[in-house]
Structure formats: C-alpha cells, structure tokens
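So this block is upload23.cif, mmCIF, C-alpha atoms:
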```cif
data_work
loop_
_atom_site.label_atom_id
_atom_site.label_comp_id
_atom_site.auth_asym_id
_atom_site.auth_seq_id
_atom_site.Cartn_x
_atom_site.Cartn_y
_atom_site.Cartn_z
CA HIS A 29 45.52 57.42 13.08
CA ARG A 30 46.19 57.81 16.80
CA SER A 31 42.78 59.21 17.68
CA ILE A 32 40.99 56.41 15.82
CA MET A 33 43.16 53.84 17.58
CA VAL A 34 42.59 55.35 21.04
CA GLU A 35 38.85 55.83 20.52
CA SER A 36 38.47 52.23 19.30
CA ILE A 37 40.38 50.86 22.30
CA GLU A 38 38.46 52.97 24.82
CA SER A 39 35.07 52.24 23.19
CA LEU A 40 35.72 48.50 23.37
CA LYS A 41 36.99 48.78 26.97
CA LEU A 42 33.73 50.52 27.95
CA HIS A 43 31.70 47.91 26.08
CA TYR A 44 33.42 45.00 27.84
CA ALA A 45 33.72 46.65 31.28
CA GLY A 46 33.26 44.10 34.06
CA GLN A 47 33.99 41.17 31.76
CA LYS A 48 37.09 39.05 31.34
CA VAL A 49 38.13 40.74 28.12
CA TYR A 50 41.51 42.36 27.63
CA VAL A 51 41.50 45.29 25.20
CA SER A 52 44.66 47.18 24.36
CA GLY A 53 46.68 48.52 21.51
CA ASN A 54 50.02 49.94 20.51
CA ILE A 55 51.60 47.33 22.78
CA LEU A 56 54.41 44.96 21.85
CA LEU A 57 53.01 41.51 21.22
CA LEU A 58 55.93 39.09 21.42
CA TYR A 59 55.11 35.75 19.82
CA GLN A 60 58.28 33.66 19.97
CA PRO A 61 59.60 32.65 23.42
CA GLY A 62 62.97 34.21 24.20
CA ASN A 63 63.16 36.15 20.94
CA ARG A 64 62.52 39.84 21.61
CA ARG A 65 62.89 40.59 17.90
CA ARG A 66 59.78 38.60 17.03
CA HIS A 67 57.06 41.10 17.83
CA VAL A 68 54.31 43.19 16.32
CA SER A 69 52.46 46.16 17.74
CA PRO A 70 48.75 45.94 16.86
CA ASP A 71 46.80 49.18 16.86
CA VAL A 72 43.92 47.40 18.63
CA LEU A 73 43.80 43.90 20.09
CA VAL A 74 41.05 42.04 21.92
CA VAL A 75 41.55 38.86 23.96
CA LYS A 76 38.49 37.20 25.48
CA GLY A 77 38.84 35.23 28.71
CA LEU A 78 41.76 37.28 29.99
CA ASP A 79 41.87 39.64 32.96
CA PRO A 80 41.80 43.24 31.71
CA HIS A 81 44.69 44.53 33.86
CA ASP A 82 47.40 46.65 32.23
CA ARG A 83 50.41 44.92 30.75
CA GLU A 84 53.80 46.30 29.75
CA ASN A 85 54.01 43.82 26.84
CA TYR A 86 51.86 40.95 25.64
CA LEU A 87 53.91 37.75 25.83
CA LEU A 88 51.96 35.18 23.87
CA TRP A 89 53.55 32.16 25.56
CA GLU A 90 52.83 33.54 29.06
CA GLU A 91 49.26 34.66 28.37
CA GLY A 92 48.48 31.31 26.76
CA ARG A 93 46.11 32.67 24.13
CA PRO A 94 46.38 34.85 21.05
CA PRO A 95 44.18 37.85 20.49
CA GLN A 96 40.91 36.85 18.88
CA VAL A 97 40.72 40.20 17.09
CA VAL A 98 43.32 42.65 15.79
CA ILE A 99 42.53 45.95 14.07
CA GLU A 100 45.15 47.93 12.18
CA VAL A 101 44.53 51.55 11.15
CA THR A 102 46.52 51.73 7.97
CA SER A 103 48.24 54.65 6.30
CA GLU A 104 50.73 55.27 3.53
CA SER A 105 53.63 54.43 5.85
CA THR A 106 52.06 51.25 7.32
CA ARG A 107 49.97 49.78 4.51
CA ASP A 108 52.58 47.37 3.13
CA GLU A 109 53.42 46.09 6.60
CA ASP A 110 49.70 45.77 7.48
CA LEU A 111 48.76 44.07 4.19
CA TYR A 112 51.71 41.68 3.92
CA ASP A 113 54.04 41.29 6.91
CA LYS A 114 51.50 41.58 9.71
CA PHE A 115 48.87 39.75 7.68
CA GLU A 116 51.17 36.71 7.51
CA ILE A 117 52.35 36.98 11.12
CA TYR A 118 48.80 37.28 12.48
CA ARG A 119 47.66 34.36 10.31
CA ASP A 120 50.61 31.98 10.52
CA GLN A 121 52.54 32.77 13.70
CA ILE A 122 49.98 34.16 16.14
CA ARG A 123 46.76 32.75 14.64
CA VAL A 124 44.57 35.78 15.24
CA VAL A 125 41.00 34.66 14.44
CA GLU A 126 39.83 37.96 12.92
CA TYR A 127 42.01 40.64 11.35
CA PHE A 128 40.57 44.01 10.31
CA LEU A 129 42.24 46.82 8.37
CA PHE A 130 40.86 50.35 8.27
CA ASP A 131 42.01 53.17 5.99
CA PRO A 132 40.31 56.31 7.37
CA ARG A 133 41.00 58.37 4.26
CA GLY A 134 40.19 55.63 1.79
CA ASP A 135 43.47 56.32 0.00
CA TYR A 136 45.25 52.98 0.36
CA LEU A 137 42.67 50.21 0.74
CA GLU A 138 39.74 49.35 -1.49
CA PRO A 139 37.39 48.99 0.25
CA ALA A 140 38.59 51.20 3.09
CA LEU A 141 37.45 48.68 5.74
CA GLN A 142 38.46 45.06 5.28
CA GLY A 143 38.13 42.04 7.49
CA TYR A 144 39.50 38.52 7.41
CA ARG A 145 38.56 35.42 9.39
CA LEU A 146 40.90 32.51 9.98
CA LYS A 147 39.58 29.29 8.50
CA ALA A 148 41.72 26.19 8.00
CA ARG A 149 44.90 28.28 8.52
CA ARG A 150 43.89 30.76 5.81
CA TYR A 151 42.37 34.21 6.03
CA GLU A 152 39.10 34.46 4.17
CA PRO A 153 37.50 37.85 3.52
CA ILE A 154 34.55 38.71 5.75
CA LYS A 155 31.54 39.61 3.66
CA PRO A 156 29.69 42.84 4.56
CA VAL A 157 26.19 42.68 6.01
CA ALA A 158 24.15 45.88 5.53
CA GLY A 159 27.39 47.79 4.84
CA ARG A 160 29.08 46.52 8.00
CA LEU A 161 31.67 43.83 8.65
CA PRO A 162 30.38 41.36 11.24
CA SER A 163 32.85 40.18 13.86
CA ARG A 164 31.81 36.85 15.37
CA GLU A 165 34.50 37.21 18.00
CA LEU A 166 33.36 40.66 19.19
CA ALA A 167 29.65 39.98 18.57
CA LEU A 168 29.74 43.45 16.99
CA HIS A 169 29.87 44.83 13.47
CA LEU A 170 32.55 47.26 12.28
CA GLU A 171 31.42 50.22 10.22
CA ILE A 172 32.83 53.41 8.73
CA HIS A 173 30.92 56.53 9.75
CA GLN A 174 32.27 59.94 8.72
CA ARG A 175 35.83 58.60 8.38
CA GLU A 176 35.61 57.07 11.84
CA LEU A 177 35.59 53.41 12.79
CA ARG A 178 32.43 52.58 14.73
CA PHE A 179 31.19 49.40 16.37
CA PHE A 180 27.55 48.46 15.82
CA ASP A 181 25.84 46.15 18.29
CA PRO A 182 23.25 44.03 16.47
CA ALA A 183 21.76 43.00 19.84
CA THR A 184 20.75 46.60 20.63
CA GLY A 185 20.47 47.90 17.08
CA GLY A 186 22.83 50.81 17.76
CA TRP A 187 26.45 51.82 17.94
CA ILE A 188 28.39 51.20 21.10
CA PRO A 189 29.18 54.58 22.59
CA THR A 190 32.50 56.30 22.16
CA PRO A 191 34.10 57.60 25.37
CA ASP A 192 32.76 61.11 24.63
CA GLU A 193 29.26 59.80 24.01
CA ALA A 194 29.40 57.76 27.23
CA ARG A 195 30.50 60.85 29.19
CA GLN A 196 27.73 62.95 27.66
CA ALA A 197 25.12 60.28 28.45
CA ALA A 198 26.36 60.00 32.05
CA GLU A 199 26.25 63.80 32.44
CA ALA A 200 22.71 63.92 31.00
CA GLU A 201 21.62 61.18 33.44
CA ARG A 202 23.23 63.08 36.33
CA ARG A 203 21.44 66.30 35.36
CA GLN A 204 18.12 64.43 34.97
CA ALA A 205 18.49 62.80 38.40
CA GLN A 206 19.37 66.17 39.94
CA ALA A 207 16.31 67.80 38.34
CA GLU A 208 14.09 64.98 39.63
CA ARG A 209 15.51 65.37 43.17
CA GLN A 210 14.90 69.12 43.05
CA GLN A 211 11.35 68.63 41.81
CA ALA A 212 10.62 66.04 44.52
CA GLN A 213 12.04 68.42 47.15
CA ALA A 214 9.90 71.28 45.82
CA GLU A 215 6.81 69.08 45.93
CA ARG A 216 7.55 68.07 49.55
CA GLN A 217 7.93 71.73 50.52
CA GLN A 218 4.56 72.59 48.97
#
```
Any chance you could give the structure as structure tokens?
Amino acid sequence: HRSIMVESIESLKLHYAGQKVYVSGNILLLYQPGNRRRHVSPDVLVVKGLDPHDRENYLLWEEGRPPQVVIEVTSESTRDEDLYDKFEIYRDQIRVVEYFLFDPRGDYLEPALQGYRLKARRYEPIKPVAGRLPSRELALHLEIHQRELRFFDPATGGWIPTPDEARQAAEAERRQAQAERQQAQAERQQ
C-alpha cells in the first residue's frame, strides 16, 4: 500500500516538474473552515494551478481549489471508507473531479482499478480505453501492470517513468555522455 502510494506520488511529481501542479498524498485535507474534525487523508492528490511547495496540511478554504484528482489504494481495512465515506465526501463536500480506487491484490474491488468522474454532482464510472482508465484531468491513463499502478501518457505512447526508472535513465545518459567525452578526447589525442 505504502510503496504504491509513494511511487505514484513521486512519478506524478516527476511528470509535472516545473509546472504549477501540486502533487501530494497522505496529508490531511481539511474541508470545513474551523472544523479540524472534518478531514480526509487521500493516498494521492493532484491540484493543477497550485504552487508545488510542501504543505503541512491542505486547507481547502485557504488553497481556494479542491484537488482535481484523488487516488486511494484500497485494502481490507480501508475499502469501506474508500467506497462509501470518502466517496461521498470527495463527491459532495470537496467536489473532486476524478476519484480513482486501486486494489493491488484484486481482493476487494471488481475490477481492481476503478475511476469516477464528477458530472452534475454525481460520480459516473470512467469507461476503460484499451484496458486503461483515462483521466482527463491528468491527461494520462491509469493502468495496472504487475500489481502496480502505472500512468500511461497517450501523447508519448508510453508509461511515465517511476522514480527508479528516471534514475536509471539519468545514469545511462550520464554514462553515455562520459563515454562520448572519452572517445572525443581519444580522437583528439590521435
């Protein structure tokens, strides 16, 4: 649960780096001014048009905009809250545009990845496209791959990289650049 949450947050942060998009998760989202008891803690939240600096809590009335996307990684202990309580709060109180639920083991949700889009104050199921759930808000598609939640970019035709994949690609580029410098130096010496 935790690793999927962290990898999703970090993958989206990398994807939106340099843009005004706030990506976080496991943060208290307080949605009723002055009432500290009215809060939820989304596993992943994305807010477009907001500076991506760290926040201690997300105070809806101070930020002035709800998250456009929330993702909950559900489990036996959280499924009822994710399917009922949070579903209603995200829809009715906070007005999250797109709400996704992911059951990595496929034990509690059928199908294991579900998405809902707010339309006329109701959540309507998002229909899969080529086995993926398209998110209009993220301009990405969500997909299950080997029990992991992945984000597919239809603009590039590939997955957005995970933090590990991004590190490996950067290291490969560094090694390639170093090899090219060494070859150029060898050619100059000859």
So which residues touch range 87-89 of chain A within 9 Å, counting all atoms listed in the file, skipping near sequence neighbours fewer than 2 positions away, as an mmCIF file with C-alpha atoms, in the frame of the given file?
```
data_model
loop_
_atom_site.group_PDB
_atom_site.id
_atom_site.type_symbol
_atom_site.label_atom_id
_atom_site.label_comp_id
_atom_site.auth_asym_id
_atom_site.auth_seq_id
_atom_site.Cartn_x
_atom_site.Cartn_y
_atom_site.Cartn_z
ATOM 1 C CA LEU A 56 54.410 44.960 21.850
ATOM 2 C CA LEU A 57 53.010 41.510 21.220
ATOM 3 C CA LEU A 58 55.930 39.090 21.420
ATOM 4 C CA TYR A 59 55.110 35.750 19.820
ATOM 5 C CA GLN A 60 58.280 33.660 19.970
ATOM 6 C CA PRO A 61 59.600 32.650 23.420
ATOM 7 C CA ASN A 85 54.010 43.820 26.840
ATOM 8 C CA GLU A 91 49.260 34.660 28.370
ATOM 9 C CA GLY A 92 48.480 31.310 26.760
ATOM 10 C CA ARG A 93 46.110 32.670 24.130
ATOM 11 C CA PRO A 94 46.380 34.850 21.050
ATOM 12 C CA PRO A 95 44.180 37.850 20.490
ATOM 13 C CA ILE A 122 49.980 34.160 16.140
#
```
Output of the PyMOL selection byres ((chain A and resi 75) around 10), listed as a list of chain:residue names: A:Lys48, A:Val49, A:Tyr50, A:Val51, A:Ser52, A:Leu73, A:Val74, A:Lys76, A:Gly77, A:Leu78, A:Asp79, A:Pro80, A:Glu91, A:Arg93, A:Pro94, A:Pro95, A:Gln96, A:Val97, A:Val98, A:Val124, A:Glu165, A:Leu166
Hits of the PyMOL selection byres ((chain A and resi 132-140) around 7) in this structure, as a ChimeraX atom specification: /A:103-104,130-131,141-142,175-176
Nearest-residue call for His67 in chain A, choices A:Asp113, A:Glu152, A:Glu171, A:Glu215, using only C-alpha atoms: A:Asp113
Of the listed residues A:Ser31, A:His81, A:Pro191, A:Val125, that which approaches Gln47 in chain A most closely, counting all atoms listed in the file: A:His81
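CA of Pro189 in chain A lies 7.9 Å from CA of His43 in chain A.
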